[in-house]
file final18.json (JSON, C-alpha atoms)
[["chain", "number", "residue", "atom", "x", "y", "z"],
["F", 6, "MET", "CA", 28.59, 7.83, -0.88],
["F", 7, "ASN", "CA", 27.95, 7.56, 2.83],
["F", 8, "TRP", "CA", 25.99, 4.94, 4.79],
["F", 9, "TYR", "CA", 22.70, 6.82, 4.49],
["F", 10, "ASN", "CA", 22.85, 6.63, 0.70],
["F", 11, "ILE", "CA", 23.81, 2.97, 0.67],
["F", 12, "VAL", "CA", 20.92, 2.02, 2.98],
["F", 13, "PHE", "CA", 18.54, 4.26, 1.04],
["F", 14, "TYR", "CA", 19.35, 2.65, -2.30],
["F", 15, "LEU", "CA", 19.13, -0.83, -0.72],
["F", 16, "PHE", "CA", 15.60, -0.15, 0.59],
["F", 17, "ALA", "CA", 14.58, 1.53, -2.67],
["F", 18, "LEU", "CA", 15.75, -1.54, -4.60],
["F", 19, "ILE", "CA", 13.83, -3.87, -2.26],
["F", 20, "VAL", "CA", 10.64, -1.80, -2.62],
["F", 21, "LEU", "CA", 10.72, -1.50, -6.40],
["F", 22, "VAL", "CA", 11.78, -5.10, -7.18],
["F", 23, "SER", "CA", 9.24, -6.66, -4.81],
["F", 24, "ALA", "CA", 6.47, -4.32, -6.02],
["F", 25, "ALA", "CA", 7.21, -5.48, -9.57],
["F", 26, "GLY", "CA", 7.00, -9.03, -8.22],
["F", 27, "VAL", "CA", 3.52, -8.30, -6.83],
["F", 28, "VAL", "CA", 2.30, -6.93, -10.13],
["F", 29, "PHE", "CA", 3.93, -9.38, -12.57],
["F", 30, "SER", "CA", 4.10, -12.78, -10.83],
["F", 31, "ARG", "CA", 1.66, -15.44, -12.02],
["F", 32, "LYS", "CA", 1.26, -17.26, -8.71],
["F", 33, "MET", "CA", -0.79, -15.43, -6.12],
["F", 34, "MET", "CA", 1.09, -16.74, -3.10],
["F", 35, "TYR", "CA", 4.35, -15.42, -4.56],
["F", 36, "ALA", "CA", 2.64, -12.06, -5.07],
["F", 37, "ALA", "CA", 1.48, -12.06, -1.44],
["F", 38, "PHE", "CA", 4.99, -12.77, -0.16],
["F", 39, "SER", "CA", 6.45, -10.09, -2.47],
["F", 40, "LEU", "CA", 3.98, -7.72, -0.84],
["F", 41, "LEU", "CA", 5.58, -8.62, 2.52],
["F", 42, "PHE", "CA", 8.97, -7.39, 1.26],
["F", 43, "THR", "CA", 7.39, -4.25, -0.19],
["F", 44, "PHE", "CA", 5.88, -3.38, 3.18],
["F", 45, "PHE", "CA", 9.19, -4.03, 4.96],
["F", 46, "GLY", "CA", 11.07, -1.84, 2.46],
["F", 47, "VAL", "CA", 8.57, 0.98, 2.84],
["F", 48, "ALA", "CA", 8.94, 0.74, 6.64],
["F", 49, "GLY", "CA", 12.71, 1.07, 6.15],
["F", 50, "LEU", "CA", 12.19, 4.19, 4.03],
["F", 51, "TYR", "CA", 10.03, 5.64, 6.85],
["F", 52, "VAL", "CA", 12.89, 5.05, 9.30],
["F", 53, "LEU", "CA", 15.26, 6.90, 6.97],
["F", 54, "LEU", "CA", 12.71, 9.75, 6.87],
["F", 55, "ASN", "CA", 12.82, 10.12, 10.71],
["F", 56, "ALA", "CA", 9.31, 8.65, 11.10],
["F", 57, "ASP", "CA", 9.85, 6.02, 13.78],
["F", 58, "PHE", "CA", 6.24, 5.81, 14.99],
["F", 59, "ILE", "CA", 4.82, 5.43, 11.47],
["F", 60, "ALA", "CA", 7.45, 2.79, 10.61],
["F", 61, "VAL", "CA", 6.47, 0.61, 13.58],
["F", 62, "THR", "CA", 2.78, 1.18, 12.83],
["F", 63, "GLN", "CA", 3.41, 0.10, 9.24],
["F", 64, "ILE", "CA", 5.04, -3.15, 10.37],
["F", 65, "MET", "CA", 2.35, -3.91, 12.95],
["F", 66, "VAL", "CA", -0.74, -3.02, 10.92],
["F", 67, "TYR", "CA", 0.31, -3.90, 7.37],
["F", 68, "ILE", "CA", 2.45, -6.98, 7.98],
["F", 69, "GLY", "CA", 0.71, -8.19, 11.12],
["F", 70, "GLY", "CA", -2.82, -7.50, 9.99],
["F", 71, "ILE", "CA", -3.49, -6.66, 6.38],
["F", 72, "LEU", "CA", -1.05, -9.17, 4.88],
["F", 73, "ILE", "CA", -2.45, -12.01, 7.01],
["F", 74, "LEU", "CA", -5.97, -11.07, 5.90],
["F", 75, "ILE", "CA", -4.88, -11.04, 2.25],
["F", 76, "ILE", "CA", -3.18, -14.44, 2.51],
["F", 77, "PHE", "CA", -6.31, -15.85, 4.12],
["F", 78, "GLY", "CA", -8.30, -14.32, 1.26],
["F", 79, "VAL", "CA", -6.03, -15.98, -1.31],
["F", 80, "MET", "CA", -6.43, -19.36, 0.34],
["F", 81, "LEU", "CA", -10.18, -19.12, 0.98],
["F", 82, "THR", "CA", -11.12, -18.06, -2.55],
["F", 83, "SER", "CA", -9.51, -20.83, -4.59],
["F", 84, "LYS", "CA", -10.19, -24.46, -5.30],
["F", 85, "PHE", "CA", -6.54, -25.54, -5.03],
["F", 86, "THR", "CA", -4.56, -26.34, -1.92],
["F", 87, "ASP", "CA", -0.97, -25.81, -3.10],
["F", 88, "LEU", "CA", 1.16, -23.01, -4.52],
["F", 89, "GLU", "CA", -0.45, -23.26, -7.95],
["F", 90, "ILE", "CA", -3.11, -20.61, -7.26],
["F", 91, "LYS", "CA", -2.88, -18.39, -10.30],
["F", 92, "SER", "CA", -4.44, -15.10, -11.26],
["F", 93, "GLY", "CA", -5.44, -14.57, -14.87],
["F", 94, "THR", "CA", -4.80, -11.33, -16.69],
["F", 95, "THR", "CA", -6.81, -9.52, -19.30],
["F", 96, "GLY", "CA", -6.06, -9.93, -23.00],
["F", 97, "THR", "CA", -2.88, -8.90, -24.76],
["F", 98, "VAL", "CA", -4.36, -5.73, -26.26],
["F", 99, "GLN", "CA", -5.52, -4.46, -22.87],
["F", 100, "TYR", "CA", -2.16, -5.48, -21.33],
["F", 101, "VAL", "CA", -0.17, -3.43, -23.87],
["F", 102, "LEU", "CA", -2.54, -0.45, -23.64],
["F", 103, "ALA", "CA", -2.40, -0.50, -19.84],
["F", 104, "GLY", "CA", 1.40, -0.71, -19.95],
["F", 105, "ILE", "CA", 1.72, 2.23, -22.31],
["F", 106, "SER", "CA", -0.68, 4.43, -20.35],
["F", 107, "THR", "CA", 0.92, 3.69, -16.97],
["F", 108, "ILE", "CA", 4.41, 4.32, -18.39],
["F", 109, "ILE", "CA", 3.14, 7.68, -19.67],
["F", 110, "VAL", "CA", 1.72, 8.51, -16.23],
["F", 111, "ALA", "CA", 4.97, 7.52, -14.50],
["F", 112, "ALA", "CA", 7.11, 9.48, -16.97],
["F", 113, "ALA", "CA", 4.93, 12.59, -16.59],
["F", 114, "LEU", "CA", 5.15, 12.40, -12.78],
["F", 115, "ILE", "CA", 8.92, 11.87, -12.78],
["F", 116, "ILE", "CA", 9.59, 14.68, -15.26],
["F", 117, "MET", "CA", 7.41, 16.98, -13.18],
["F", 118, "TYR", "CA", 9.27, 16.04, -9.97],
["F", 119, "LEU", "CA", 12.66, 16.60, -11.61],
["F", 120, "ASN", "CA", 11.72, 20.05, -12.90],
["F", 121, "VAL", "CA", 10.15, 21.51, -9.77],
["F", 122, "ASP", "CA", 12.43, 23.51, -7.50],
["F", 123, "TRP", "CA", 11.07, 22.41, -4.11],
["F", 124, "VAL", "CA", 11.26, 24.85, -1.23],
["F", 125, "GLN", "CA", 12.89, 22.88, 1.60],
["F", 126, "ASN", "CA", 13.10, 23.82, 5.23],
["F", 127, "PRO", "CA", 16.15, 22.67, 7.18],
["F", 128, "VAL", "CA", 15.55, 19.39, 9.01],
["F", 129, "PRO", "CA", 15.90, 19.83, 12.79],
["F", 130, "GLU", "CA", 17.80, 17.52, 15.11],
["F", 131, "LEU", "CA", 16.75, 13.87, 15.18],
["F", 132, "GLU", "CA", 14.33, 13.13, 18.02],
["F", 133, "SER", "CA", 11.45, 10.78, 18.77],
["F", 134, "THR", "CA", 8.14, 11.64, 17.11],
["F", 135, "VAL", "CA", 5.95, 9.57, 19.43],
["F", 136, "LYS", "CA", 5.27, 12.26, 22.03],
["F", 137, "PRO", "CA", 4.42, 15.09, 19.56],
["F", 138, "ILE", "CA", 2.15, 12.76, 17.57],
["F", 139, "GLY", "CA", 0.33, 11.79, 20.76],
["F", 140, "ILE", "CA", -0.11, 15.42, 21.74],
["F", 141, "LEU", "CA", -1.43, 16.29, 18.26],
["F", 142, "LEU", "CA", -3.87, 13.37, 18.34],
["F", 143, "MET", "CA", -5.25, 14.41, 21.72],
["F", 144, "THR", "CA", -5.62, 18.11, 20.87],
["F", 145, "LYS", "CA", -5.92, 19.22, 17.24],
["F", 146, "TYR", "CA", -7.01, 15.90, 15.71],
["F", 147, "PHE", "CA", -9.10, 14.62, 18.65],
["F", 148, "LEU", "CA", -12.38, 14.47, 16.70],
["F", 149, "ALA", "CA", -10.80, 12.71, 13.71],
["F", 150, "PHE", "CA", -9.16, 10.22, 16.10],
["F", 151, "GLN", "CA", -12.49, 9.32, 17.71],
["F", 152, "VAL", "CA", -14.27, 9.10, 14.35],
["F", 153, "ALA", "CA", -11.54, 6.77, 13.08],
["F", 154, "ALA", "CA", -12.01, 4.56, 16.14],
["F", 155, "ILE", "CA", -15.78, 4.33, 15.58],
["F", 156, "LEU", "CA", -15.20, 3.69, 11.86],
["F", 157, "LEU", "CA", -12.85, 0.78, 12.62],
["F", 158, "LEU", "CA", -15.39, -0.72, 15.06],
["F", 159, "LEU", "CA", -18.22, -0.42, 12.52],
["F", 160, "ALA", "CA", -16.06, -1.79, 9.69],
["F", 161, "PHE", "CA", -15.07, -4.88, 11.63],
["F", 162, "ILE", "CA", -18.62, -5.56, 12.86],
["F", 163, "GLY", "CA", -19.87, -5.11, 9.29],
["F", 164, "ALA", "CA", -17.17, -7.38, 7.86],
["F", 165, "ALA", "CA", -18.05, -10.14, 10.31],
["F", 166, "LYS", "CA", -21.75, -9.72, 9.49],
["F", 167, "ILE", "CA", -21.17, -9.83, 5.72],
["F", 168, "ALA", "CA", -18.76, -12.77, 5.74],
["F", 169, "ARG", "CA", -20.91, -15.01, 7.93],
["F", 170, "ARG", "CA", -22.62, -17.89, 6.15],
["F", 171, "LYS", "CA", -26.38, -17.80, 6.49],
["A", 14, "MET", "CA", 22.02, 16.52, -9.40],
["A", 15, "THR", "CA", 18.74, 15.56, -7.80],
["A", 16, "ASN", "CA", 18.20, 15.99, -4.10],
["A", 17, "GLU", "CA", 16.87, 13.45, -1.61],
["A", 18, "LEU", "CA", 13.26, 14.63, -1.64],
["A", 19, "THR", "CA", 13.05, 14.07, -5.41],
["A", 20, "LEU", "CA", 14.39, 10.52, -5.03],
["A", 21, "TYR", "CA", 11.66, 9.65, -2.52],
["A", 22, "LEU", "CA", 9.01, 11.22, -4.76],
["A", 23, "ILE", "CA", 10.28, 9.19, -7.75],
["A", 24, "ILE", "CA", 10.03, 5.97, -5.72],
["A", 25, "GLY", "CA", 6.46, 6.94, -4.85],
["A", 26, "ALA", "CA", 5.64, 7.65, -8.51],
["A", 27, "ILE", "CA", 6.99, 4.28, -9.70],
["A", 28, "LEU", "CA", 5.14, 2.44, -6.91],
["A", 29, "PHE", "CA", 1.92, 4.28, -7.86],
["A", 30, "SER", "CA", 2.31, 3.35, -11.54],
["A", 31, "LEU", "CA", 2.93, -0.32, -10.71],
["A", 32, "GLY", "CA", -0.21, -0.32, -8.55],
["A", 33, "VAL", "CA", -2.34, 1.24, -11.30],
["A", 34, "PHE", "CA", -0.97, -1.29, -13.78],
["A", 35, "GLY", "CA", -1.88, -4.15, -11.45],
["A", 36, "ILE", "CA", -5.40, -2.83, -10.89],
["A", 37, "ILE", "CA", -5.99, -2.52, -14.64],
["A", 38, "THR", "CA", -4.56, -5.85, -15.77],
["A", 39, "ARG", "CA", -5.35, -8.37, -13.03],
["A", 40, "LYS", "CA", -8.55, -10.40, -13.08],
["A", 41, "ASN", "CA", -8.55, -11.74, -9.54],
["A", 42, "ALA", "CA", -10.20, -9.48, -6.95],
["A", 43, "ILE", "CA", -7.54, -10.27, -4.32],
["A", 44, "MET", "CA", -4.79, -9.16, -6.72],
["A", 45, "VAL", "CA", -6.65, -5.88, -7.27],
["A", 46, "LEU", "CA", -6.68, -5.39, -3.48],
["A", 47, "MET", "CA", -2.92, -6.01, -3.30],
["A", 48, "SER", "CA", -2.26, -3.44, -6.03],
["A", 49, "MET", "CA", -4.43, -0.97, -4.15],
["A", 50, "GLU", "CA", -2.20, -1.41, -1.09],
["A", 51, "LEU", "CA", 0.78, -0.48, -3.29],
["A", 52, "ILE", "CA", -0.97, 2.77, -4.26],
["A", 53, "LEU", "CA", -1.79, 3.62, -0.63],
["A", 54, "ASN", "CA", 1.85, 2.98, 0.35],
["A", 55, "SER", "CA", 3.12, 5.29, -2.41],
["A", 56, "ALA", "CA", 0.83, 8.04, -1.11],
["A", 57, "ASN", "CA", 2.18, 7.48, 2.39],
["A", 58, "ILE", "CA", 5.79, 7.75, 1.18],
["A", 59, "ASN", "CA", 4.96, 11.14, -0.32],
["A", 60, "PHE", "CA", 3.28, 12.31, 2.92],
["A", 61, "ILE", "CA", 6.25, 11.31, 5.08],
["A", 62, "ALA", "CA", 8.86, 12.68, 2.65],
["A", 63, "PHE", "CA", 7.16, 16.09, 2.49],
["A", 64, "ALA", "CA", 6.79, 16.01, 6.29],
["A", 65, "LYS", "CA", 10.54, 15.58, 6.76],
["A", 66, "TYR", "CA", 11.80, 18.01, 4.14],
["A", 67, "GLY", "CA", 9.18, 20.58, 5.11],
["A", 68, "GLY", "CA", 11.03, 20.96, 8.42],
["A", 69, "MET", "CA", 9.75, 17.89, 10.35],
["A", 70, "ASN", "CA", 6.11, 18.94, 10.20],
["A", 71, "LEU", "CA", 4.16, 16.20, 12.01],
["A", 72, "GLU", "CA", 0.83, 16.83, 10.27],
["A", 73, "GLY", "CA", 2.07, 14.59, 7.46],
["A", 74, "HIS", "CA", 2.64, 11.78, 9.94],
["A", 75, "ILE", "CA", -0.94, 12.16, 11.20],
["A", 76, "ALA", "CA", -2.27, 11.96, 7.63],
["A", 77, "ALA", "CA", -0.20, 8.82, 6.96],
["A", 78, "MET", "CA", -1.52, 7.25, 10.16],
["A", 79, "PHE", "CA", -5.12, 7.86, 9.12],
["A", 80, "VAL", "CA", -4.35, 6.35, 5.70],
["A", 81, "ILE", "CA", -3.09, 3.20, 7.45],
["A", 82, "ILE", "CA", -6.23, 3.05, 9.65],
["A", 83, "LEU", "CA", -8.54, 3.41, 6.64],
["A", 84, "ALA", "CA", -6.55, 0.77, 4.70],
["A", 85, "ALA", "CA", -7.12, -1.72, 7.52],
["A", 86, "ALA", "CA", -10.87, -1.06, 7.57],
["A", 87, "GLU", "CA", -11.07, -1.17, 3.78],
["A", 88, "VAL", "CA", -9.27, -4.51, 3.48],
["A", 89, "ALA", "CA", -11.49, -6.11, 6.14],
["A", 90, "VAL", "CA", -14.74, -5.07, 4.43],
["A", 91, "ALA", "CA", -13.42, -5.83, 0.93],
["A", 92, "LEU", "CA", -12.33, -9.35, 1.87],
["A", 93, "ALA", "CA", -15.72, -10.03, 3.44],
["A", 94, "ILE", "CA", -17.38, -8.99, 0.17],
["A", 95, "VAL", "CA", -14.93, -11.10, -1.86],
["A", 96, "LEU", "CA", -15.67, -14.15, 0.30],
["A", 97, "ASN", "CA", -19.39, -13.66, -0.33],
["A", 98, "ILE", "CA", -18.77, -13.37, -4.07],
["A", 99, "TYR", "CA", -16.79, -16.63, -3.96],
["A", 100, "HIS", "CA", -19.61, -18.26, -2.04],
["A", 101, "ASN", "CA", -22.11, -17.26, -4.75],
["A", 102, "PHE", "CA", -20.11, -17.61, -7.99],
["A", 103, "ARG", "CA", -17.30, -20.10, -7.11],
["A", 104, "HIS", "CA", -14.71, -17.70, -8.57],
["A", 105, "VAL", "CA", -13.55, -14.11, -7.97],
["A", 106, "ASN", "CA", -12.73, -12.97, -11.51],
["A", 107, "ILE", "CA", -14.10, -9.46, -11.49],
["A", 108, "ASP", "CA", -14.58, -9.20, -15.26],
["A", 109, "GLU", "CA", -17.00, -12.14, -15.31],
["A", 110, "ILE", "CA", -19.18, -10.92, -12.45],
["A", 111, "SER", "CA", -21.86, -8.74, -14.00],
["A", 112, "LYS", "CA", -24.92, -9.67, -11.95],
["A", 113, "MET", "CA", -25.76, -8.66, -8.40],
["A", 114, "LYS", "CA", -27.03, -12.19, -7.65],
["A", 115, "GLU", "CA", -27.48, -15.42, -9.49]]
call {"tool": "encode", "arguments": {"input": "final18.json", "output": "C-alpha cells"}}
result
Amino acid sequence: MNWYNIVFYLFALIVLVSAAGVVFSRKMMYAAFSLLFTFFGVAGLYVLLNADFIAVTQIMVYIGGILILIIFGVMLTSKFTDLEIKSGTTGTVQYVLAGISTIIVAAALIIMYLNVDWVQNPVPELESTVKPIGILLMTKYFLAFQVAAILLLLAFIGAAKIARRK
Amino acid sequence: MTNELTLYLIIGAILFSLGVFGIITRKNAIMVLMSMELILNSANINFIAFAKYGGMNLEGHIAAMFVIILAAAEVAVALAIVLNIYHNFRHVNIDEISKMKE
C-alpha cells in the first residue's frame, strides 16, 4: 500500500460518491455542485495516469466553462430563486426497470474487464506530454484541429442566435 | 489480483452506468445534460487509461481532447435550445414536451 494507491483510491472514492450524488440528489443545485467534485476527481485520475495536459484542460474547460453554463441553465429555467429547485423523476416502475437494466450493464462490463487478459506495454519514464501533443496537433491531426476550431466558432454563434429573444 | 488498468476501467464502467441511469430516470432536461457529461467523462477515463498502459501512446490524449472540445460545443447549443423550450413552455420536463411549438 504505497502513496500511489492511497491517492488513487481517494480520487476513485470522490468520483464515484459525487457521481452518485449527481444522479440521486433531489435538488438540482446540489447535483450541480456534486458534478464539480466529479470533474475534480476525474482530473486527479488523469494526473495519476501521467496526462498532465488533459488534466489541466479538464479543469479549465469543464469546471471553468461547462459547469458555469450548467449552473446558469439551472437558474434560468426555474421559477424559484432559492435552493429548492427540484427535478422530478419518472414513475416507480420505470425507476426500478432502469435500475435493474443499468446494474446488468455495469455487471456485464465489469465481469468482461476482469476476465480479459490485457496486453500491456511497459510505461516509459515520466515526462511532460505538452510538447508531443502540440507536435501531433500540428502535424498528424492538423485538419481535425482546424475543423474543431471552426465547429466551436459555429456552435457558439449558433447558440447565441438560438438563445436570443426575438 | 486485478491490475491498475482494470481498476480504471471499472471506475469508467460504474460512471457510465450512473450516467445512463440518470438519463433514463430524470425528467429535467438540465439533469439529462449533467448525466451526459458523466458518460463523456467515463469515456475519457478509458481513453487516457489505455493511452498510459499501452506504453504512453499520445493518440489517446488527442482523442480525449477532442471529446472535451465537442462536449463544450454540445453543452452550449443544448442550453440554448433548453432556454428556448423554457421560454415557450414555462418548464423543461422532457416527457411532457411532445409538440414542436404551441
call {"tool": "closest_residue", "arguments": {"input": "final18.json", "among": "A:Asn101, A:Ala93, A:Met78, A:Lys65", "to": "Glu17 (chain A)", "atoms": "all atoms listed in the file"}}
result
A:Lys65
call {"tool": "closest_residue", "arguments": {"input": "final18.json", "among": "A:Ala56, A:Val90, A:Ile110, A:Phe29", "to": "chain F", "atoms": "only C-alpha atoms"}}
result
A:Val90
call {"tool": "residues_around", "arguments": {"input": "final18.json", "residues": "Val28 (chain F)", "least_positions_apart": "4", "cutoff": "10 Å", "atoms": "only C-alpha atoms", "output": "list in words"}}
result
Ser23, Ala24, Met33, Ala36, Ser39 and Leu40 of chain F; Leu31, Gly32, Val33, Phe34, Gly35, Ile36, Thr38, Arg39, Met44, Val45, Met47, Ser48 and Leu51 of chain A
call {"tool": "write_last_selection", "arguments": {"input": "final18.json", "atoms": "C-alpha atoms", "output": "PDB file, in the coordinates of the input"}}
result
ATOM      1  CA  SER F  23       9.240  -6.660  -4.810  1.00  0.00           C
ATOM      2  CA  ALA F  24       6.470  -4.320  -6.020  1.00  0.00           C
ATOM      3  CA  MET F  33      -0.790 -15.430  -6.120  1.00  0.00           C
ATOM      4  CA  ALA F  36       2.640 -12.060  -5.070  1.00  0.00           C
ATOM      5  CA  SER F  39       6.450 -10.090  -2.470  1.00  0.00           C
ATOM      6  CA  LEU F  40       3.980  -7.720  -0.840  1.00  0.00           C
TER       7      LEU F  40
ATOM      8  CA  LEU A  31       2.930  -0.320 -10.710  1.00  0.00           C
ATOM      9  CA  GLY A  32      -0.210  -0.320  -8.550  1.00  0.00           C
ATOM     10  CA  VAL A  33      -2.340   1.240 -11.300  1.00  0.00           C
ATOM     11  CA  PHE A  34      -0.970  -1.290 -13.780  1.00  0.00           C
ATOM     12  CA  GLY A  35      -1.880  -4.150 -11.450  1.00  0.00           C
ATOM     13  CA  ILE A  36      -5.400  -2.830 -10.890  1.00  0.00           C
ATOM     14  CA  THR A  38      -4.560  -5.850 -15.770  1.00  0.00           C
ATOM     15  CA  ARG A  39      -5.350  -8.370 -13.030  1.00  0.00           C
ATOM     16  CA  MET A  44      -4.790  -9.160  -6.720  1.00  0.00           C
ATOM     17  CA  VAL A  45      -6.650  -5.880  -7.270  1.00  0.00           C
ATOM     18  CA  MET A  47      -2.920  -6.010  -3.300  1.00  0.00           C
ATOM     19  CA  SER A  48      -2.260  -3.440  -6.030  1.00  0.00           C
ATOM     20  CA  LEU A  51       0.780  -0.480  -3.290  1.00  0.00           C
TER      21      LEU A  51
END
call {"tool": "residues_around", "arguments": {"input": "final18.json", "residues": "Tyr146 (chain F)", "least_positions_apart": "6", "cutoff": "12 Å", "atoms": "all atoms listed in the file", "output": "MDAnalysis selection string"}}
result
(chainID F and resid 138:140 152:153) or (chainID A and resid 71:72 74:76 78:79)
call {"tool": "closest_residue", "arguments": {"input": "final18.json", "among": "F:Gly78, F:Gly104, F:Gly26, F:Gly69", "to": "Leu92 (chain A)", "atoms": "all atoms listed in the file"}}
result
F:Gly78
call {"tool": "closest_residue", "arguments": {"input": "final18.json", "among": "F:Leu72, F:Val20, F:Leu119, F:Val47", "to": "Leu22 (chain A)", "atoms": "only C-alpha atoms"}}
result
F:Leu119
call {"tool": "residues_near_point", "arguments": {"input": "final18.json", "point": "(-5.5, 3.1, 6.4)", "cutoff": "10 Å", "atoms": "only C-alpha atoms", "output": "PyMOL selection string"}}
result
(chain F and resi 63+66-67+71+153+157) or (chain A and resi 50+53-54+57+76-88)
call {"tool": "atom_distance", "arguments": {"input": "final18.json", "atom1": "CA of Lys32 (chain F)", "atom2": "CA of Thr107 (chain F)"}}
result
22.5 Å
call {"tool": "closest_residue", "arguments": {"input": "final18.json", "among": "F:Val22, F:Met65, F:Ile59, F:Val12", "to": "chain A", "atoms": "only C-alpha atoms"}}
result
F:Ile59
call {"tool": "closest_residue", "arguments": {"input": "final18.json", "among": "A:Ile52, A:Gly73, A:Asn16, A:Ala89", "to": "chain F", "atoms": "all atoms listed in the file"}}
result
A:Ala89
call {"tool": "residues_around", "arguments": {"input": "final18.json", "residues": "region 133-135 of chain F", "least_positions_apart": "4", "cutoff": "7 Å", "atoms": "all atoms listed in the file", "output": "ChimeraX atom specification"}}
result
/F:56-58,139
